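What follows is a set of notes on a single structure, which appears directly below.
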Amino acid sequence: MKHPFAELIDLHCEQATAGASTMTLVVAPQHLNPHEVVHGAVLYALADTGMGTALYPTLEAGEICATIEIKMNYFKPVFEGRVVCKTTLLNRGRTVANLESRLYVGDVLVGHANGNYAIFRRSRAEG
(Lines give C-alpha, C1' and ligand atoms only; values in the text may rest on other atoms or scores of the structure.)
Protein backbone atom coordinates (compact mmCIF):
# COMPACT_ATOMS: atom_id res chain seq x y z
CA MET A 1 0.00 0.00 0.00
CA LYS A 2 1.28 3.47 -0.85
CA HIS A 3 1.97 5.53 2.30
CA PRO A 4 3.07 9.09 1.40
CA PHE A 5 3.74 10.19 5.00
CA ALA A 6 5.92 7.15 5.74
CA GLU A 7 7.83 7.87 2.54
CA LEU A 8 8.24 11.52 3.54
CA ILE A 9 10.05 10.65 6.78
CA ASP A 10 11.69 7.50 5.34
CA LEU A 11 9.96 4.78 7.40
CA HIS A 12 10.42 1.24 6.09
CA CYS A 13 8.28 -1.83 6.64
CA GLU A 14 10.51 -4.85 7.20
CA GLN A 15 7.73 -7.30 8.09
CA ALA A 16 3.93 -7.20 8.27
CA THR A 17 1.52 -9.99 9.13
CA ALA A 18 -1.96 -10.03 10.61
CA GLY A 19 -1.31 -8.70 14.11
CA ALA A 20 2.40 -7.91 13.93
CA SER A 21 4.83 -5.62 12.16
CA THR A 22 8.43 -4.50 12.20
CA MET A 23 9.16 -0.96 10.97
CA THR A 24 12.56 0.73 10.76
CA LEU A 25 14.00 4.19 10.36
CA VAL A 26 17.63 5.16 9.89
CA VAL A 27 18.22 8.45 11.71
CA ALA A 28 19.00 11.32 9.34
CA PRO A 29 19.46 15.08 9.92
CA GLN A 30 15.81 15.82 9.06
CA HIS A 31 14.68 13.66 12.01
CA LEU A 32 16.52 15.75 14.61
CA ASN A 33 15.23 18.52 16.83
CA PRO A 34 17.32 21.66 17.57
CA HIS A 35 19.23 19.69 20.28
CA GLU A 36 20.31 17.11 17.68
CA VAL A 37 18.11 14.41 19.22
CA VAL A 38 15.50 12.52 17.18
CA HIS A 39 12.26 14.48 17.51
CA GLY A 40 9.65 12.68 19.60
CA ALA A 41 7.12 13.05 16.80
CA VAL A 42 9.32 10.91 14.54
CA LEU A 43 9.34 8.07 17.08
CA TYR A 44 5.60 8.52 17.64
CA ALA A 45 5.03 8.31 13.87
CA LEU A 46 7.09 5.12 13.74
CA ALA A 47 4.93 3.52 16.46
CA ASP A 48 1.66 4.80 14.97
CA THR A 49 2.55 3.54 11.50
CA GLY A 50 3.72 0.21 12.91
CA MET A 51 0.38 -0.21 14.68
CA GLY A 52 -1.62 0.56 11.55
CA THR A 53 0.58 -1.80 9.56
CA ALA A 54 -0.04 -4.64 12.04
CA LEU A 55 -3.79 -3.99 12.17
CA TYR A 56 -4.45 -3.49 8.46
CA PRO A 57 -4.15 -7.21 7.44
CA THR A 58 -6.86 -8.10 10.00
CA LEU A 59 -9.43 -5.81 8.36
CA GLU A 60 -12.22 -7.14 6.21
CA ALA A 61 -12.84 -5.85 2.68
CA GLY A 62 -14.17 -2.29 2.89
CA GLU A 63 -12.94 -1.67 6.45
CA ILE A 64 -10.40 1.01 7.35
CA CYS A 65 -8.82 2.02 10.63
CA ALA A 66 -7.82 5.24 12.34
CA THR A 67 -5.92 6.11 15.50
CA ILE A 68 -8.14 6.92 18.49
CA GLU A 69 -5.28 7.54 20.93
CA ILE A 70 -1.72 6.53 21.65
CA LYS A 71 0.16 6.68 24.96
CA MET A 72 3.86 7.10 24.20
CA ASN A 73 6.73 6.68 26.66
CA TYR A 74 10.24 7.81 25.75
CA PHE A 75 12.97 6.06 27.76
CA LYS A 76 16.24 7.15 26.14
CA PRO A 77 17.22 9.90 23.71
CA VAL A 78 18.07 8.77 20.19
CA PHE A 79 20.95 10.58 18.52
CA GLU A 80 21.80 8.26 15.62
CA GLY A 81 21.49 4.76 14.30
CA ARG A 82 18.65 2.52 13.17
CA VAL A 83 15.41 2.56 15.15
CA VAL A 84 13.43 -0.69 15.02
CA CYS A 85 9.75 -0.68 16.00
CA LYS A 86 8.19 -4.06 16.82
CA THR A 87 4.41 -4.01 17.08
CA THR A 88 1.94 -6.60 18.34
CA LEU A 89 -1.85 -6.63 18.23
CA LEU A 90 -3.03 -7.19 21.80
CA ASN A 91 -6.82 -7.20 21.28
CA ARG A 92 -9.10 -6.77 18.29
CA GLY A 93 -12.78 -6.24 18.77
CA ARG A 94 -15.38 -5.47 16.14
CA THR A 95 -14.86 -1.67 16.28
CA VAL A 96 -11.74 -1.08 18.40
CA ALA A 97 -8.28 -2.68 18.46
CA ASN A 98 -5.44 -2.27 20.97
CA LEU A 99 -1.79 -2.57 19.94
CA GLU A 100 1.64 -2.24 21.54
CA SER A 101 4.89 -1.01 19.98
CA ARG A 102 8.41 -1.25 21.37
CA LEU A 103 11.15 0.87 19.84
CA TYR A 104 14.79 -0.19 19.96
CA VAL A 105 18.19 1.10 18.92
CA GLY A 106 20.32 -2.00 18.96
CA ASP A 107 19.30 -3.92 22.07
CA VAL A 108 18.28 -0.75 23.96
CA LEU A 109 14.58 -0.11 24.48
CA VAL A 110 14.18 3.61 23.74
CA GLY A 111 10.39 3.89 23.69
CA HIS A 112 7.09 2.11 24.23
CA ALA A 113 3.61 2.90 22.93
CA ASN A 114 0.12 1.54 23.49
CA GLY A 115 -2.62 2.57 21.10
CA ASN A 116 -6.31 2.16 20.36
CA TYR A 117 -7.65 2.19 16.81
CA ALA A 118 -11.17 2.57 15.47
CA ILE A 119 -12.27 0.03 12.88
CA PHE A 120 -15.02 1.28 10.56
CA ARG A 121 -16.36 1.59 7.06
CA ARG A 122 -16.39 4.86 5.15
CA SER A 123 -19.87 6.30 4.81
CA ARG A 124 -21.03 7.75 1.49
CA ALA A 125 -21.17 11.23 3.08
CA GLU A 126 -17.44 11.01 3.95
CA GLY A 127 -16.44 10.27 0.35
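Following the order of the C-alpha coordinates, chains are lettered A, B, ..., residues in each are numbered from 1, and ligands are numbered from 1.
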Skip region 45-48 of chain A itself and residues of its chain fewer than 5 positions away, then list as a list of chain:residue names all residues within 8 Å of it, counting only C-alpha atoms.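 Here the answer would be A:Leu11, A:Met23, A:Thr24, A:Leu25, A:Thr67, A:Ile70, A:Cys85, A:Thr87, A:Ser101, A:Arg102, A:Leu103, A:Ala113, A:Gly115.
Restricting the calculation to only C-alpha atoms, the smallest distance between Val84 (chain A) and any of A:Lys71, A:His31, A:His12, A:Arg121 is found for A:His12.
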Any chance you could list, as a PyMOL selection string, the residues in chain A that come up strand (DSSP E or B) when DSSP is run on the backbone? chain A and resi 12-17+20-26+32+38+63-74+82-92+96-105+108-121
DSSP on the backbone: which residues in chain A end up as helix (DSSP H, G or I)? Give the answer as a ChimeraX atom specification. /A:4-9,29-31,40-58,124-126
Using only C-alpha atoms, which of A:Gln15, A:Ser123, A:Ser21, A:Asn33 sits nearest Met51 (chain A)?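 Ranked by minimum distance to Met51 (chain A), first place goes to A:Ser21.
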Smallest atom-to-atom distance to Glu69 (chain A): which of A:Gly111, A:Val42, A:Tyr117, A:Gln30, using only C-alpha atoms?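 Checking each candidate against Glu69 (chain A), we get A:Tyr117 as the closest.
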Measuring between only C-alpha atoms, which one of A:Ala28, A:Gly40, A:Ala20, A:Glu60 shows the shortest distance to Glu100 (chain A)? A:Ala20
Pick from A:Lys76, A:Thr53, A:Pro29, A:Asn98, whichever lies nearest to Ala6 (chain A) using only C-alpha atoms: A:Thr53
Return the single residue from A:Lys2, A:Ile68, A:Val83, A:Arg122 that is closest to Leu99 (chain A), with distances computed using only C-alpha atoms.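 Of all the options, A:Ile68 lies closest to Leu99 (chain A).
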Would you mind listing what lies within 12 Å of Leu32 (chain A) as a PyMOL selection string, with only C-alpha atoms counted and same-chain residues fewer than 3 positions away left out? chain A and resi 9+26-29+35-43+77-80
Create the file for the chosen residues now, containing all heavy atoms and written as a short mmCIF file (atom, residue, chain, number, x, y, z; two decimals), in the first residue's frame.
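Contents of selection_34.cif, freshly written:
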data_model
loop_
_atom_site.label_atom_id
_atom_site.label_comp_id
_atom_site.auth_asym_id
_atom_site.auth_seq_id
_atom_site.Cartn_x
_atom_site.Cartn_y
_atom_site.Cartn_z
N ILE A 9 9.07 10.69 5.68
CA ILE A 9 10.05 10.65 6.78
C ILE A 9 10.94 9.40 6.72
O ILE A 9 11.71 9.15 7.62
CB ILE A 9 9.39 10.83 8.16
CG1 ILE A 9 8.40 9.71 8.48
CG2 ILE A 9 8.74 12.19 8.27
CD1 ILE A 9 7.89 9.76 9.91
N VAL A 26 16.23 4.81 9.67
CA VAL A 26 17.63 5.16 9.89
C VAL A 26 17.67 6.66 10.14
O VAL A 26 17.19 7.45 9.32
CB VAL A 26 18.51 4.78 8.68
CG1 VAL A 26 19.94 5.26 8.88
CG2 VAL A 26 18.47 3.26 8.47
N VAL A 27 18.20 7.04 11.30
CA VAL A 27 18.22 8.45 11.71
C VAL A 27 19.01 9.28 10.70
O VAL A 27 20.13 8.93 10.32
CB VAL A 27 18.81 8.60 13.12
CG1 VAL A 27 18.95 10.06 13.50
CG2 VAL A 27 17.95 7.85 14.13
N ALA A 28 18.39 10.38 10.28
CA ALA A 28 19.00 11.32 9.34
C ALA A 28 18.82 12.73 9.90
O ALA A 28 18.03 12.94 10.83
CB ALA A 28 18.35 11.19 7.97
N PRO A 29 19.54 13.71 9.38
CA PRO A 29 19.46 15.08 9.92
C PRO A 29 18.04 15.64 9.99
O PRO A 29 17.70 16.36 10.94
CB PRO A 29 20.32 15.89 8.95
CG PRO A 29 21.33 14.90 8.44
CD PRO A 29 20.58 13.60 8.33
N HIS A 35 18.20 20.20 19.37
CA HIS A 35 19.23 19.69 20.28
C HIS A 35 19.97 18.50 19.68
O HIS A 35 20.74 17.83 20.38
CB HIS A 35 18.60 19.31 21.61
CG HIS A 35 17.82 20.42 22.23
ND1 HIS A 35 18.41 21.55 22.75
CD2 HIS A 35 16.48 20.59 22.36
CE1 HIS A 35 17.48 22.37 23.19
NE2 HIS A 35 16.30 21.81 22.96
N GLU A 36 19.69 18.22 18.39
CA GLU A 36 20.31 17.11 17.68
C GLU A 36 19.95 15.74 18.25
O GLU A 36 20.75 14.81 18.25
CB GLU A 36 21.82 17.32 17.54
CG GLU A 36 22.14 18.57 16.75
CD GLU A 36 23.62 18.77 16.49
OE1 GLU A 36 24.43 17.94 16.95
OE2 GLU A 36 23.96 19.75 15.80
N VAL A 37 18.70 15.65 18.73
CA VAL A 37 18.11 14.41 19.22
C VAL A 37 16.93 14.11 18.30
O VAL A 37 16.25 15.04 17.85
CB VAL A 37 17.63 14.57 20.68
CG1 VAL A 37 16.90 13.32 21.16
CG2 VAL A 37 18.80 14.90 21.60
N VAL A 38 16.65 12.85 18.02
CA VAL A 38 15.50 12.52 17.18
C VAL A 38 14.24 13.10 17.83
O VAL A 38 13.99 12.92 19.02
CB VAL A 38 15.35 10.99 16.99
CG1 VAL A 38 14.05 10.66 16.27
CG2 VAL A 38 16.54 10.44 16.22
N HIS A 39 13.49 13.84 17.04
CA HIS A 39 12.26 14.48 17.51
C HIS A 39 11.27 13.40 17.96
O HIS A 39 11.12 12.37 17.30
CB HIS A 39 11.65 15.31 16.39
CG HIS A 39 10.61 16.26 16.85
ND1 HIS A 39 9.38 15.86 17.27
CD2 HIS A 39 10.65 17.61 16.98
CE1 HIS A 39 8.67 16.91 17.64
NE2 HIS A 39 9.42 18.00 17.47
N GLY A 40 10.63 13.64 19.08
CA GLY A 40 9.65 12.68 19.60
C GLY A 40 8.55 12.34 18.61
O GLY A 40 8.04 11.22 18.59
N ALA A 41 8.17 13.29 17.79
CA ALA A 41 7.12 13.05 16.80
C ALA A 41 7.55 12.01 15.76
O ALA A 41 6.70 11.30 15.22
CB ALA A 41 6.72 14.36 16.12
N VAL A 42 8.83 11.91 15.49
CA VAL A 42 9.32 10.91 14.54
C VAL A 42 9.15 9.51 15.14
O VAL A 42 8.67 8.59 14.48
CB VAL A 42 10.80 11.18 14.17
CG1 VAL A 42 11.37 10.05 13.33
CG2 VAL A 42 10.93 12.51 13.45
N LEU A 43 9.50 9.36 16.42
CA LEU A 43 9.34 8.07 17.08
C LEU A 43 7.87 7.72 17.24
O LEU A 43 7.47 6.57 17.06
CB LEU A 43 10.05 8.08 18.44
CG LEU A 43 11.56 8.33 18.38
CD1 LEU A 43 12.15 8.38 19.78
CD2 LEU A 43 12.26 7.29 17.52
N PRO A 77 17.11 9.08 24.92
CA PRO A 77 17.22 9.90 23.71
C PRO A 77 17.88 9.11 22.59
O PRO A 77 18.73 8.24 22.84
CB PRO A 77 18.10 11.07 24.16
CG PRO A 77 18.89 10.54 25.30
CD PRO A 77 18.02 9.52 25.98
N VAL A 78 17.48 9.41 21.37
CA VAL A 78 18.07 8.77 20.19
C VAL A 78 18.82 9.84 19.42
O VAL A 78 18.23 10.86 19.04
CB VAL A 78 16.99 8.11 19.31
CG1 VAL A 78 17.61 7.52 18.06
CG2 VAL A 78 16.21 7.06 20.10
N PHE A 79 20.11 9.62 19.22
CA PHE A 79 20.95 10.58 18.52
C PHE A 79 21.28 10.13 17.10
O PHE A 79 21.49 10.94 16.22
CB PHE A 79 22.27 10.79 19.28
CG PHE A 79 22.07 11.30 20.68
CD1 PHE A 79 22.10 10.44 21.76
CD2 PHE A 79 21.85 12.65 20.90
CE1 PHE A 79 21.92 10.91 23.05
CE2 PHE A 79 21.67 13.14 22.18
CZ PHE A 79 21.70 12.26 23.26
N GLU A 80 21.38 8.81 16.92
CA GLU A 80 21.80 8.26 15.62
C GLU A 80 21.44 6.79 15.58
O GLU A 80 20.98 6.21 16.57
CB GLU A 80 23.31 8.42 15.44
CG GLU A 80 24.12 7.70 16.50
CD GLU A 80 25.61 7.98 16.42
OE1 GLU A 80 26.02 8.75 15.54
OE2 GLU A 80 26.35 7.43 17.24
#
